[in-house]
$ cat target-v4.txt   # compact mmCIF, C-alpha atoms and all ligand atoms
# COMPACT_ATOMS: atom_id res chain seq x y z
CA MET A 803 -16.26 -21.10 27.44
CA ARG A 804 -16.19 -24.68 26.23
CA ASN A 805 -19.91 -24.99 27.11
CA ILE A 806 -20.74 -21.91 25.10
CA ILE A 807 -18.80 -23.14 22.10
CA GLU A 808 -20.47 -26.54 22.27
CA ARG A 809 -23.85 -24.82 22.03
CA TYR A 810 -22.76 -22.92 18.90
CA ASP A 811 -23.89 -24.22 15.52
CA PRO A 812 -20.62 -24.76 13.59
CA LYS A 813 -22.47 -24.09 10.34
CA LYS A 814 -23.65 -20.68 11.53
CA ILE A 815 -20.52 -19.21 13.10
CA ALA A 816 -20.26 -15.43 12.73
CA ILE A 817 -17.18 -13.26 13.15
CA GLY A 818 -17.62 -10.16 15.25
CA THR A 819 -15.58 -7.27 16.54
CA LEU A 820 -15.80 -3.67 17.72
CA GLY A 821 -16.21 -1.17 14.90
CA SER A 822 -12.80 0.50 14.93
CA HIS A 823 -9.03 -0.13 14.59
CA SER A 824 -8.76 -3.07 12.13
CA ALA A 825 -12.44 -4.01 11.85
CA LEU A 826 -12.64 -3.51 8.08
CA ASN A 827 -9.65 -5.82 7.67
CA ILE A 828 -11.30 -8.44 9.91
CA PHE A 829 -14.75 -8.18 8.29
CA LYS A 830 -13.42 -8.35 4.73
CA GLY A 831 -11.41 -11.43 5.63
CA ALA A 832 -14.42 -13.03 7.30
CA LYS A 833 -16.59 -12.37 4.24
CA GLU A 834 -14.00 -13.81 1.88
CA GLU A 835 -13.93 -17.00 3.97
CA GLY A 836 -17.73 -17.21 3.90
CA PHE A 837 -18.64 -16.06 7.43
CA ARG A 838 -21.42 -13.76 8.55
CA THR A 839 -20.17 -10.62 10.30
CA VAL A 840 -21.34 -8.74 13.38
CA CYS A 841 -20.16 -5.24 14.26
CA VAL A 842 -20.54 -3.68 17.71
CA CYS A 843 -20.42 -0.07 16.73
CA LYS A 844 -20.93 3.52 17.84
CA GLU A 845 -23.62 5.40 15.90
CA ASN A 846 -21.15 8.02 14.74
CA ASP A 847 -18.80 5.41 13.22
CA ALA A 848 -21.48 3.20 11.62
CA ILE A 849 -21.05 5.10 8.33
CA VAL A 850 -17.73 3.29 7.81
CA TYR A 851 -19.17 -0.20 8.18
CA ARG A 852 -22.29 0.60 6.13
CA LYS A 853 -20.24 2.25 3.39
CA PHE A 854 -18.17 -0.84 2.62
CA GLY A 855 -21.06 -3.28 2.93
CA LEU A 856 -19.08 -5.74 5.03
CA VAL A 857 -21.39 -6.08 8.02
CA ASP A 858 -24.42 -8.37 8.25
CA GLU A 859 -25.51 -7.38 11.74
CA MET A 860 -24.87 -4.05 13.41
CA ILE A 861 -25.22 -3.71 17.19
CA LEU A 862 -25.21 -0.02 18.08
CA VAL A 863 -23.79 1.07 21.44
CA ARG A 864 -23.10 4.46 22.99
CA ASP A 865 -19.77 3.30 24.35
CA PHE A 866 -17.58 0.24 23.77
CA SER A 867 -17.78 -0.55 27.50
CA GLU A 868 -21.36 -1.74 26.80
CA LEU A 869 -19.72 -4.90 25.49
CA MET A 870 -19.47 -5.87 29.15
CA GLU A 871 -23.29 -5.83 29.54
CA GLU A 872 -25.03 -9.18 29.65
CA ARG A 873 -27.67 -7.95 27.16
CA ILE A 874 -25.03 -7.40 24.46
CA GLN A 875 -23.10 -10.59 25.26
CA GLU A 876 -26.28 -12.65 25.12
CA LYS A 877 -27.07 -11.19 21.70
CA LEU A 878 -23.57 -12.04 20.47
CA ARG A 879 -23.87 -15.62 21.72
CA GLN A 880 -27.26 -15.99 20.02
CA LEU A 881 -25.60 -14.96 16.79
CA ASN A 882 -22.85 -17.60 17.29
CA VAL A 883 -20.24 -14.87 17.36
CA ILE A 884 -16.52 -15.42 17.72
CA LEU A 885 -14.95 -12.11 18.75
CA ILE A 886 -11.66 -10.97 17.25
CA PRO A 887 -9.82 -8.73 19.73
CA HIS A 888 -7.93 -5.68 18.42
CA GLY A 889 -6.35 -2.54 19.84
CA SER A 890 -9.66 -0.95 20.84
CA PHE A 891 -10.45 -3.92 23.11
CA THR A 892 -7.29 -3.35 25.12
CA ALA A 893 -7.63 0.45 24.94
CA PHE A 894 -11.27 0.75 26.04
CA LEU A 895 -11.84 -2.32 28.24
CA SER A 896 -9.94 -3.35 31.35
CA THR A 897 -7.76 -6.44 31.19
CA ASP A 898 -9.82 -8.08 33.96
CA ASP A 899 -13.05 -7.45 32.07
CA LEU A 900 -11.52 -8.86 28.90
CA ILE A 901 -10.21 -11.98 30.60
CA SER A 902 -12.90 -12.85 33.13
CA ARG A 903 -16.12 -11.00 32.35
CA LEU A 904 -16.40 -11.15 28.58
CA ARG A 905 -18.33 -14.39 28.17
CA VAL A 906 -18.25 -14.61 24.41
CA PRO A 907 -15.73 -16.92 22.70
CA MET A 908 -12.68 -15.03 21.55
CA PHE A 909 -10.14 -15.99 18.90
CA GLY A 910 -6.73 -15.86 20.58
CA ASN A 911 -5.17 -16.52 23.96
CA ARG A 912 -6.69 -14.13 26.52
CA GLU A 913 -4.02 -14.90 29.09
CA LEU A 914 -1.47 -13.19 26.84
CA LEU A 915 -3.50 -9.98 26.86
CA ARG A 916 -2.65 -9.85 30.57
CA LEU A 917 1.08 -10.14 29.84
CA GLU A 918 0.72 -7.52 27.14
CA ALA A 919 -0.90 -5.06 29.55
CA ASP A 920 1.96 -5.25 32.07
CA ARG A 921 5.18 -3.58 30.89
CA LYS A 922 7.36 -5.69 33.20
CA LYS A 923 5.77 -9.04 32.35
CA GLN A 924 5.96 -8.15 28.70
CA ALA A 925 9.67 -7.33 28.93
CA ASP A 926 10.33 -10.62 30.78
CA TRP A 927 8.58 -12.53 28.02
CA LEU A 928 10.59 -10.80 25.25
CA ARG A 929 13.86 -11.19 27.16
CA LYS A 930 13.21 -14.90 27.76
CA ALA A 931 12.69 -15.21 24.01
CA GLY A 932 16.21 -13.86 23.52
CA LEU A 933 15.19 -10.54 21.96
CA LYS A 934 17.25 -7.36 22.36
CA LEU A 935 15.44 -4.78 24.47
CA PRO A 936 16.26 -1.13 25.16
CA CYS A 937 17.53 -0.73 28.70
CA THR A 938 15.43 0.77 31.47
CA LEU A 939 16.65 3.43 33.91
CA LYS A 940 15.40 3.41 37.50
CA SER A 941 15.32 7.10 38.29
CA PRO A 942 15.49 10.42 36.41
CA GLU A 943 18.75 11.09 38.25
CA ASP A 944 20.32 8.14 36.37
CA ILE A 945 19.73 9.66 32.93
CA ASP A 946 23.08 9.57 31.12
CA ARG A 947 21.91 9.08 27.52
CA LEU A 948 18.90 9.92 25.37
CA ILE A 949 15.78 8.39 26.93
CA ILE A 950 12.10 8.25 26.07
CA ALA A 951 9.81 8.82 29.06
CA LYS A 952 6.67 6.67 28.84
CA LEU A 953 3.49 6.45 30.86
CA PRO A 954 1.95 3.07 31.71
CA GLY A 955 -0.70 1.55 29.47
CA ALA A 956 -1.32 1.95 25.76
CA ARG A 957 -1.78 5.67 25.25
CA GLY A 958 -0.69 5.82 21.64
CA GLY A 959 2.47 7.61 22.65
CA ARG A 960 0.51 10.51 24.22
CA GLY A 961 2.47 12.46 26.79
CA TYR A 962 5.79 10.81 25.86
CA PHE A 963 8.88 13.00 25.77
CA LEU A 964 12.63 12.69 25.30
CA ALA A 965 15.39 13.81 27.64
CA ALA A 966 19.15 13.40 27.76
CA SER A 967 19.93 14.51 31.34
CA PRO A 968 18.18 14.73 34.74
CA GLU A 969 17.85 18.52 34.26
CA SER A 970 16.19 18.27 30.86
CA PHE A 971 13.91 15.51 32.22
CA HIS A 972 12.61 17.71 35.05
CA LYS A 973 12.27 20.75 32.82
CA LYS A 974 10.32 18.86 30.16
CA PHE A 975 8.18 17.07 32.72
CA ASN A 976 7.19 20.40 34.25
CA ASP A 977 6.44 21.79 30.78
CA MET A 978 4.15 18.82 30.09
CA VAL A 979 2.34 19.39 33.40
CA ARG A 980 1.92 23.08 32.60
CA ARG A 981 0.47 22.20 29.18
CA GLY A 982 -1.98 19.77 30.82
CA LEU A 983 -0.52 16.73 29.04
CA LEU A 984 0.72 15.11 32.27
CA LYS A 985 -0.18 15.34 35.95
CA GLU A 986 2.28 15.88 38.79
CA GLU A 987 1.52 12.38 40.17
CA ASP A 988 2.50 10.80 36.82
CA LYS A 989 6.17 11.35 37.70
CA GLU A 990 6.24 8.21 39.87
CA LYS A 991 4.70 6.07 37.14
CA ILE A 992 6.93 7.17 34.28
CA HIS A 993 9.00 4.49 32.62
CA LEU A 994 12.42 5.67 31.47
CA GLN A 995 13.60 3.73 28.47
CA GLU A 996 16.75 4.11 26.41
CA TYR A 997 15.86 5.90 23.16
CA LEU A 998 16.96 3.83 20.18
CA LEU A 999 18.13 5.94 17.28
CA GLY A 1000 16.98 3.97 14.27
CA VAL A 1001 13.98 3.33 12.08
CA ASN A 1002 10.67 1.82 13.21
CA VAL A 1003 9.87 -1.56 11.76
CA TYR A 1004 6.80 -3.49 12.88
CA PRO A 1005 6.67 -7.10 11.64
CA SER A 1006 3.29 -8.82 11.97
CA TYR A 1007 3.13 -12.55 12.46
CA PHE A 1008 0.44 -15.18 12.53
CA SER A 1009 0.87 -18.11 14.88
CA SER A 1010 -1.18 -20.99 13.54
CA ILE A 1011 -2.14 -23.61 16.11
CA ILE A 1012 -3.75 -25.66 13.34
CA ASP A 1013 -0.70 -25.68 11.02
CA ASN A 1014 1.79 -25.48 13.90
CA GLU A 1015 3.66 -22.64 12.28
CA VAL A 1016 4.54 -18.99 12.81
CA GLU A 1017 4.08 -17.05 9.56
CA ILE A 1018 5.33 -13.55 8.80
CA LEU A 1019 2.49 -11.82 6.95
CA GLY A 1020 3.50 -8.19 6.67
CA ILE A 1021 5.67 -5.34 7.87
CA ASP A 1022 4.73 -1.71 8.42
CA ARG A 1023 5.93 1.47 10.02
CA ARG A 1024 3.85 4.17 11.63
CA TYR A 1025 3.04 7.62 10.35
CA GLU A 1026 3.01 9.81 13.42
CA SER A 1027 2.22 13.42 14.14
CA ALA A 1028 4.24 15.46 14.94
CA VAL A 1029 7.45 13.37 14.88
CA ASP A 1030 7.17 12.65 11.14
CA ALA A 1031 6.64 16.35 10.47
CA ILE A 1032 9.49 17.87 12.47
CA GLY A 1033 12.09 16.97 9.84
CA ARG A 1034 10.18 19.10 7.32
CA ILE A 1035 11.19 22.32 9.00
CA SER A 1036 14.78 23.41 9.47
CA ALA A 1037 16.71 23.02 12.72
CA SER A 1038 16.69 26.76 13.30
CA GLU A 1039 12.88 26.82 13.22
CA GLN A 1040 12.72 23.72 15.40
CA LEU A 1041 14.84 25.56 17.97
CA GLU A 1042 12.81 28.73 17.61
CA ILE A 1043 9.55 26.99 18.50
CA GLY A 1044 11.13 24.48 20.93
CA ALA A 1045 9.75 21.58 18.85
CA ASN A 1046 9.30 18.29 20.72
CA PRO A 1047 8.50 15.01 18.99
CA THR A 1048 5.05 13.66 19.80
CA TYR A 1049 3.76 10.31 18.57
CA THR A 1050 0.07 10.58 17.72
CA ILE A 1051 -0.59 7.75 15.32
CA VAL A 1052 -2.30 8.89 12.12
CA GLY A 1053 -1.76 5.90 9.86
CA ASN A 1054 0.62 3.15 8.77
CA ILE A 1055 2.95 2.71 5.82
CA PRO A 1056 4.00 -0.66 4.35
CA VAL A 1057 7.66 -1.60 4.59
CA VAL A 1058 9.76 -4.25 2.90
CA VAL A 1059 13.03 -4.87 4.70
CA ARG A 1060 16.34 -5.85 3.16
CA GLU A 1061 16.25 -9.60 2.83
CA SER A 1062 19.26 -10.10 5.09
CA LEU A 1063 17.13 -8.89 8.03
CA LEU A 1064 14.50 -11.57 7.48
CA PRO A 1065 16.29 -14.58 9.05
CA GLU A 1066 16.53 -12.81 12.41
CA MET A 1067 13.04 -11.37 12.13
CA ILE A 1068 11.54 -14.79 11.41
CA ARG A 1069 13.45 -16.40 14.28
CA MET A 1070 12.33 -13.66 16.64
CA GLY A 1071 8.67 -14.43 15.91
CA GLU A 1072 9.21 -18.14 16.40
CA ARG A 1073 11.04 -17.66 19.70
CA VAL A 1074 8.38 -15.31 21.03
CA HIS A 1075 5.74 -17.97 20.35
CA GLU A 1076 7.91 -20.77 21.83
CA THR A 1077 8.33 -18.73 25.01
CA ALA A 1078 4.60 -17.93 25.13
CA LYS A 1079 3.87 -21.67 25.01
CA LYS A 1080 5.58 -21.98 28.39
CA LEU A 1081 4.14 -18.80 29.88
CA ALA A 1082 0.55 -19.39 28.78
CA PRO A 1083 -0.13 -22.61 26.86
CA PRO A 1084 -0.75 -23.11 23.97
CA GLY A 1085 1.14 -19.87 23.28
CA ILE A 1086 0.04 -17.26 20.80
CA ILE A 1087 -3.11 -18.10 18.88
CA GLY A 1088 -3.24 -15.98 15.73
CA PRO A 1089 -1.83 -12.53 15.08
CA PHE A 1090 0.91 -10.72 16.97
CA CYS A 1091 3.28 -7.88 16.23
CA LEU A 1092 6.71 -6.84 17.44
CA GLU A 1093 7.43 -3.13 17.67
CA THR A 1094 11.08 -2.76 16.77
CA VAL A 1095 13.68 -0.15 16.03
CA ILE A 1096 16.53 -1.12 13.70
CA THR A 1097 19.73 0.80 14.33
CA ASP A 1098 22.44 1.56 11.75
CA ASP A 1099 24.46 -1.49 12.83
CA LEU A 1100 21.42 -3.52 11.64
CA GLN A 1101 20.53 -4.70 15.13
CA ILE A 1102 16.82 -5.29 15.71
CA HIS A 1103 15.71 -3.94 19.10
CA THR A 1104 12.20 -4.75 20.34
CA PHE A 1105 10.42 -2.36 22.68
CA GLU A 1106 6.92 -3.82 22.68
CA ILE A 1107 4.69 -6.71 21.63
CA SER A 1108 1.00 -6.79 20.77
CA ALA A 1109 -0.49 -10.28 21.17
CA ARG A 1110 -3.36 -9.55 18.77
CA ILE A 1111 -3.99 -7.98 15.38
CA VAL A 1112 -2.42 -4.52 15.02
CA ALA A 1113 -3.69 -1.67 12.82
CA GLY A 1114 -0.44 -1.88 10.87
CA THR A 1115 -1.78 -5.01 9.16
CA ASN A 1116 -4.39 -2.77 7.46
CA VAL A 1117 -1.70 -1.84 4.95
CA GLY A 1118 -1.90 -5.44 3.76
CA ILE A 1119 -5.67 -5.55 3.07
CA GLY A 1120 -5.83 -7.26 -0.31
CA THR A 1121 -2.26 -8.45 -0.12
CA SER A 1122 1.18 -7.68 1.23
CA PRO A 1123 4.48 -8.82 -0.28
CA TYR A 1124 5.12 -11.32 2.51
CA ALA A 1125 1.60 -12.76 2.48
CA TYR A 1126 1.88 -12.98 -1.32
CA LEU A 1127 5.08 -15.01 -1.08
CA LYS A 1128 3.29 -17.69 0.89
CA TYR A 1129 -0.30 -17.54 -0.34
CA GLY A 1130 -0.30 -15.71 -3.67
CA GLU A 1131 -2.97 -13.07 -4.16
CA ASN A 1132 -5.48 -11.96 -1.63
CA MET A 1133 -4.22 -13.03 1.77
CA TYR A 1134 -3.98 -10.58 4.67
CA MET A 1135 -4.34 -10.68 8.43
CA GLY A 1136 -8.15 -10.39 8.59
CA ARG A 1137 -8.53 -13.19 6.09
CA ARG A 1138 -5.81 -15.32 7.70
CA ILE A 1139 -7.76 -15.17 10.97
CA ALA A 1140 -10.98 -16.27 9.25
CA LEU A 1141 -9.12 -19.02 7.38
CA GLU A 1142 -7.76 -20.41 10.65
CA ILE A 1143 -11.25 -20.42 12.16
CA ARG A 1144 -12.65 -22.14 9.07
CA LYS A 1145 -9.92 -24.82 9.16
CA ALA A 1146 -10.50 -25.32 12.89
CA ILE A 1147 -14.24 -25.82 12.29
CA GLU A 1148 -13.59 -28.33 9.50
CA LEU A 1149 -11.19 -30.31 11.71
CA GLY A 1150 -13.51 -30.17 14.74
CA ARG A 1151 -10.82 -28.24 16.63
CA LEU A 1152 -12.62 -24.94 17.13
CA SER A 1153 -12.20 -24.88 20.90
CA GLY A 1154 -8.42 -25.15 20.35
CA VAL A 1155 -8.23 -21.65 18.85
CA LEU A 1156 -10.69 -19.94 21.19
CA THR A 1157 -10.51 -18.85 24.82
N1 LIG A 1201 12.85 2.87 23.06
C1 LIG A 1201 12.45 3.58 22.01
N2 LIG A 1201 13.35 4.10 21.16
C2 LIG A 1201 12.94 4.84 20.08
N3 LIG A 1201 11.69 5.11 19.79
C3 LIG A 1201 10.73 4.60 20.60
C4 LIG A 1201 11.08 3.82 21.75
N4 LIG A 1201 9.94 3.46 22.37
C5 LIG A 1201 8.93 4.00 21.64
N5 LIG A 1201 9.40 4.68 20.59
C6 LIG A 1201 8.58 5.42 19.61
O1 LIG A 1201 7.52 6.09 20.27
C7 LIG A 1201 6.28 5.87 19.62
C8 LIG A 1201 5.21 5.38 20.60
O2 LIG A 1201 5.75 4.38 21.45
P1 LIG A 1201 4.94 3.16 22.05
O3 LIG A 1201 4.61 2.20 21.00
O4 LIG A 1201 5.71 2.67 23.21
O5 LIG A 1201 3.59 3.86 22.53
P2 LIG A 1201 2.30 3.13 23.01
O6 LIG A 1201 1.71 4.00 24.05
O7 LIG A 1201 2.58 1.71 23.28
O8 LIG A 1201 1.41 3.24 21.75
P3 LIG A 1201 0.65 2.04 21.02
O9 LIG A 1201 -0.18 1.38 22.02
O10 LIG A 1201 -0.11 2.79 19.97
O11 LIG A 1201 1.71 1.15 20.47
C9 LIG A 1201 6.58 4.89 18.53
O12 LIG A 1201 6.59 5.56 17.30
C10 LIG A 1201 7.94 4.38 18.74
O13 LIG A 1201 8.65 4.27 17.57
MG MG A 1202 3.37 0.63 21.23
$ encode --input "target-v4.txt" --output "structure tokens" --more "lines below"
Ligand SMILES: Nc1ncnc2c1ncn2[C@@H]1O[C@H](COP(=O)(O)OP(=O)(O)OP(=O)(O)O)[C@@H](O)[C@H]1O
Ligand SMILES: [Mg+2]
Amino acid sequence: MRNIIERYDPKKIAIGTLGSHSALNIFKGAKEEGFRTVCVCKENDAIVYRKFGLVDEMILVRDFSELMEERIQEKLRQLNVILIPHGSFTAFLSTDDLISRLRVPMFGNRELLRLEADRKKQADWLRKAGLKLPCTLKSPEDIDRLIIAKLPGARGGRGYFLAASPESFHKKFNDMVRRGLLKEEDKEKIHLQEYLLGVNVYPSYFSSIIDNEVEILGIDRRYESAVDAIGRISASEQLEIGANPTYTIVGNIPVVVRESLLPEMIRMGERVHETAKKLAPPGIIGPFCLETVITDDLQIHTFEISARIVAGTNVGIGTSPYAYLKYGENMYMGRRIALEIRKAIELGRLSGVLT
């Protein structure tokens, strides 16, 4: 990777990503910091990136997996592209491909994408950082409280269900199989996690290697179908139709938390980065997000981490209250990424923020 970066012209660096997830956020930020932009995009989605006029070079593909083809990677290198990974990279490409076979410089620490992809490694990382995690049950027969049953890998909450006893687990699992949402063999792979009754709060941080600081840039919550709709019908109708919460993400909503939660939230971000430094030096490069639930005793429980930009930062395009506090107007995750790359170029430290 170092060889590739050395061949790049620092005056002609372009910022590239896959056309989905948080690409508009990334491209707008790149433009505002004076970079050219390159979008690897599916024909059907190109309308979005043309509409906002944020893309200088469009590379059309039939499928995002084409990013693994030498022809596309060579084109990206010719354009001096630095790739910004987002949720569609981890959703549509394998971790091995991302880490070993994508030979285009990437902003961020690829090694952490491997930790992110493995539920156990991820939990070890968060636990080492001193965060509170929901407990895990070994077998459906151990269910003695409300649990959320999860399948491995990022599936956007698809196929998840709740159960409060072994009987209700087996009944609901069989229902899901009958409805074609799960397969019989999924039973072995299901992760049983304590369900935290509280509100979702997703703080997004930026770990700056250049400034040696972890910033908190924004907070959001998710807007999910059907779980955010179930409360709109009465309990009697919920019972009548046997309503089950599902978690299909539709969008994100900005959140400001009570200020007394901020000290802990800031420390959590710092500790997660400190721990990452030991697990995979130099730790987190750039954006990351903790997925938390805050219970009514004001405890912050973390059930997941994303070691990259999350779509929840899109609520901050333009500005978010927390970014405003530090930078004034017009700072948001996409721009913060581009700013870090620009600073790194100016200081001759570009290879320090790429892997
Ligand atoms: N332990 C938990 N307690 C309460 N709610 C939870 C818990 N774990 C997950 N959820 C809720 O379930 C939804 C989806 O969970 P999760 O984030 O684990 O899915 P995912 O497959 O990782 O999706 P994504 O990759 O989009 O984050 C979220 O809205 C979250 O709030
Ligand atoms: Mg998640």
$ closest_residue --input "target-v4.txt" --among "A:Glu918, A:Asp1030, A:Glu1131, A:Glu943" --to "ligand MG 1202 (chain A)" --atoms "only C-alpha atoms and all ligand atoms"
A:Glu918
$ residues_around --input "target-v4.txt" --residues "Ser967 (chain A)" --least-positions-apart "2" --cutoff "7 Å" --atoms "all atoms listed in the file" --output "PDB file with C-alpha atoms, in the frame of the given file"
ATOM      1  CA  ILE A 945      19.730   9.660  32.930  1.00  0.00           C
ATOM      2  CA  ASP A 946      23.080   9.570  31.120  1.00  0.00           C
ATOM      3  CA  ARG A 947      21.910   9.080  27.520  1.00  0.00           C
ATOM      4  CA  ALA A 965      15.390  13.810  27.640  1.00  0.00           C
ATOM      5  CA  GLU A 969      17.850  18.520  34.260  1.00  0.00           C
ATOM      6  CA  SER A 970      16.190  18.270  30.860  1.00  0.00           C
ATOM      7  CA  PHE A 971      13.910  15.510  32.220  1.00  0.00           C
TER       8      PHE A 971
END
$ residues_near_ligand --input "target-v4.txt" --ligand "ligand MG 1202 (chain A)" --cutoff "12 Å" --atoms "only C-alpha atoms and all ligand atoms" --output "PyMOL selection string"
chain A and resi 889+893+918-919+921+924+952-960+962+1002-1004+1023-1024+1049-1051+1091-1095+1104-1109+1112-1114
$ atom_distance --input "target-v4.txt" --atom1 "atom O1 of ligand LIG 1201 (chain A)" --atom2 "CA of Ile1096 (chain A)"
13.3 Å
$ closest_residue --input "target-v4.txt" --among "A:Gly836, A:Pro907, A:Gly1033, A:Pro1047" --to "ligand LIG 1201 (chain A)" --atoms "only C-alpha atoms and all ligand atoms"
A:Pro1047
$ closest_residue --input "target-v4.txt" --among "A:Asp858, A:Asp920, A:Asp977, A:Glu1076" --to "Asn1046 (chain A)" --atoms "only C-alpha atoms"
A:Asp977
$ residues_around --input "target-v4.txt" --residues "Glu834 (chain A)" --least-positions-apart "4" --cutoff "12 Å" --atoms "all atoms listed in the file" --output "ChimeraX atom specification"
/A:817,827-830,838-839,856,1119-1120,1132-1134,1136-1141,1144
$ residues_around --input "target-v4.txt" --residues "region 864-881 of chain A" --least-positions-apart "6" --cutoff "12 Å" --atoms "all atoms listed in the file" --output "number ranges by chain"
A: 803, 805-822, 837-848, 858, 890-908
$ closest_residue --input "target-v4.txt" --among "A:Leu994, A:Gly982, A:Phe854, A:Ala1028" --to "Pro968 (chain A)" --atoms "only C-alpha atoms"
A:Leu994
$ closest_residue --input "target-v4.txt" --among "A:Gly961, A:Gly1044, A:Pro1084, A:Pro1089" --to "ligand LIG 1201 (chain A)" --atoms "only C-alpha atoms and all ligand atoms"
A:Gly961
$ closest_residue --input "target-v4.txt" --among "A:Leu914, A:Val1052, A:Ala1125, A:Val883" --to "ligand LIG 1201 (chain A)" --atoms "only C-alpha atoms and all ligand atoms"
A:Val1052
$ atom_distance --input "target-v4.txt" --atom1 "atom N4 of ligand LIG 1201 (chain A)" --atom2 "CA of Pro936 (chain A)"
8.3 Å
$ residues_around --input "target-v4.txt" --residues "Val1059 (chain A)" --least-positions-apart "3" --cutoff "12 Å" --atoms "only C-alpha atoms" --output "PyMOL selection string"
chain A and resi 1001-1005+1020-1023+1056+1062-1067+1096+1100+1102+1123-1124
$ atom_distance --input "target-v4.txt" --atom1 "CA of Asp926 (chain A)" --atom2 "CA of Gln995 (chain A)"
14.9 Å
$ residues_around --input "target-v4.txt" --residues "Glu1017 (chain A)" --least-positions-apart "2" --cutoff "7 Å" --atoms "only C-alpha atoms" --output "PyMOL selection string"
chain A and resi 1007-1009+1015+1019
$ decode --input "target-v4.txt" --residues "region 835-851 of chain A" --atoms "N, CA and C atoms" --output "mmCIF file, in the first residue's frame"
data_model
loop_
_atom_site.group_PDB
_atom_site.id
_atom_site.type_symbol
_atom_site.label_atom_id
_atom_site.label_comp_id
_atom_site.auth_asym_id
_atom_site.auth_seq_id
_atom_site.Cartn_x
_atom_site.Cartn_y
_atom_site.Cartn_z
ATOM 1 N N GLU A 835 -13.654 20.476 0.878
ATOM 2 C CA GLU A 835 -12.226 20.549 1.218
ATOM 3 C C GLU A 835 -11.366 20.579 -0.042
ATOM 4 N N GLY A 836 -12.003 20.730 -1.200
ATOM 5 C CA GLY A 836 -11.259 20.948 -2.446
ATOM 6 C C GLY A 836 -10.758 19.702 -3.167
ATOM 7 N N PHE A 837 -11.347 18.545 -2.875
ATOM 8 C CA PHE A 837 -10.927 17.307 -3.556
ATOM 9 C C PHE A 837 -11.819 17.006 -4.760
ATOM 10 N N ARG A 838 -11.252 16.264 -5.717
ATOM 11 C CA ARG A 838 -12.077 15.671 -6.767
ATOM 12 C C ARG A 838 -12.761 14.432 -6.188
ATOM 13 N N THR A 839 -13.880 14.032 -6.779
ATOM 14 C CA THR A 839 -14.624 12.893 -6.224
ATOM 15 C C THR A 839 -14.879 11.829 -7.297
ATOM 16 N N VAL A 840 -14.843 10.582 -6.856
ATOM 17 C CA VAL A 840 -15.056 9.454 -7.765
ATOM 18 C C VAL A 840 -16.083 8.519 -7.134
ATOM 19 N N CYS A 841 -17.127 8.216 -7.898
ATOM 20 C CA CYS A 841 -18.209 7.381 -7.373
ATOM 21 C C CYS A 841 -18.303 6.073 -8.153
ATOM 22 N N VAL A 842 -18.168 4.962 -7.450
ATOM 23 C CA VAL A 842 -18.389 3.641 -8.062
ATOM 24 C C VAL A 842 -19.852 3.305 -7.807
ATOM 25 N N CYS A 843 -20.615 3.252 -8.881
ATOM 26 C CA CYS A 843 -22.056 3.357 -8.739
ATOM 27 C C CYS A 843 -22.807 2.369 -9.620
ATOM 28 N N LYS A 844 -23.986 1.958 -9.175
ATOM 29 C CA LYS A 844 -24.869 1.145 -10.013
ATOM 30 C C LYS A 844 -25.735 2.084 -10.840
ATOM 31 N N GLU A 845 -25.944 1.686 -12.106
ATOM 32 C CA GLU A 845 -26.693 2.532 -13.065
ATOM 33 C C GLU A 845 -27.984 3.091 -12.443
ATOM 34 N N ASN A 846 -28.702 2.205 -11.789
ATOM 35 C CA ASN A 846 -29.999 2.584 -11.238
ATOM 36 C C ASN A 846 -29.907 3.675 -10.157
ATOM 37 N N ASP A 847 -28.763 3.754 -9.482
ATOM 38 C CA ASP A 847 -28.612 4.718 -8.387
ATOM 39 C C ASP A 847 -27.919 6.005 -8.829
ATOM 40 N N ALA A 848 -27.392 6.005 -10.076
ATOM 41 C CA ALA A 848 -26.570 7.138 -10.528
ATOM 42 C C ALA A 848 -27.346 8.451 -10.465
ATOM 43 N N ILE A 849 -28.670 8.369 -10.592
ATOM 44 C CA ILE A 849 -29.520 9.569 -10.545
ATOM 45 C C ILE A 849 -29.233 10.403 -9.285
ATOM 46 N N VAL A 850 -28.970 9.731 -8.185
ATOM 47 C CA VAL A 850 -28.726 10.437 -6.917
ATOM 48 C C VAL A 850 -27.463 11.285 -7.014
ATOM 49 N N TYR A 851 -26.415 10.680 -7.565
ATOM 50 C CA TYR A 851 -25.109 11.352 -7.549
ATOM 51 C C TYR A 851 -25.018 12.386 -8.664
#
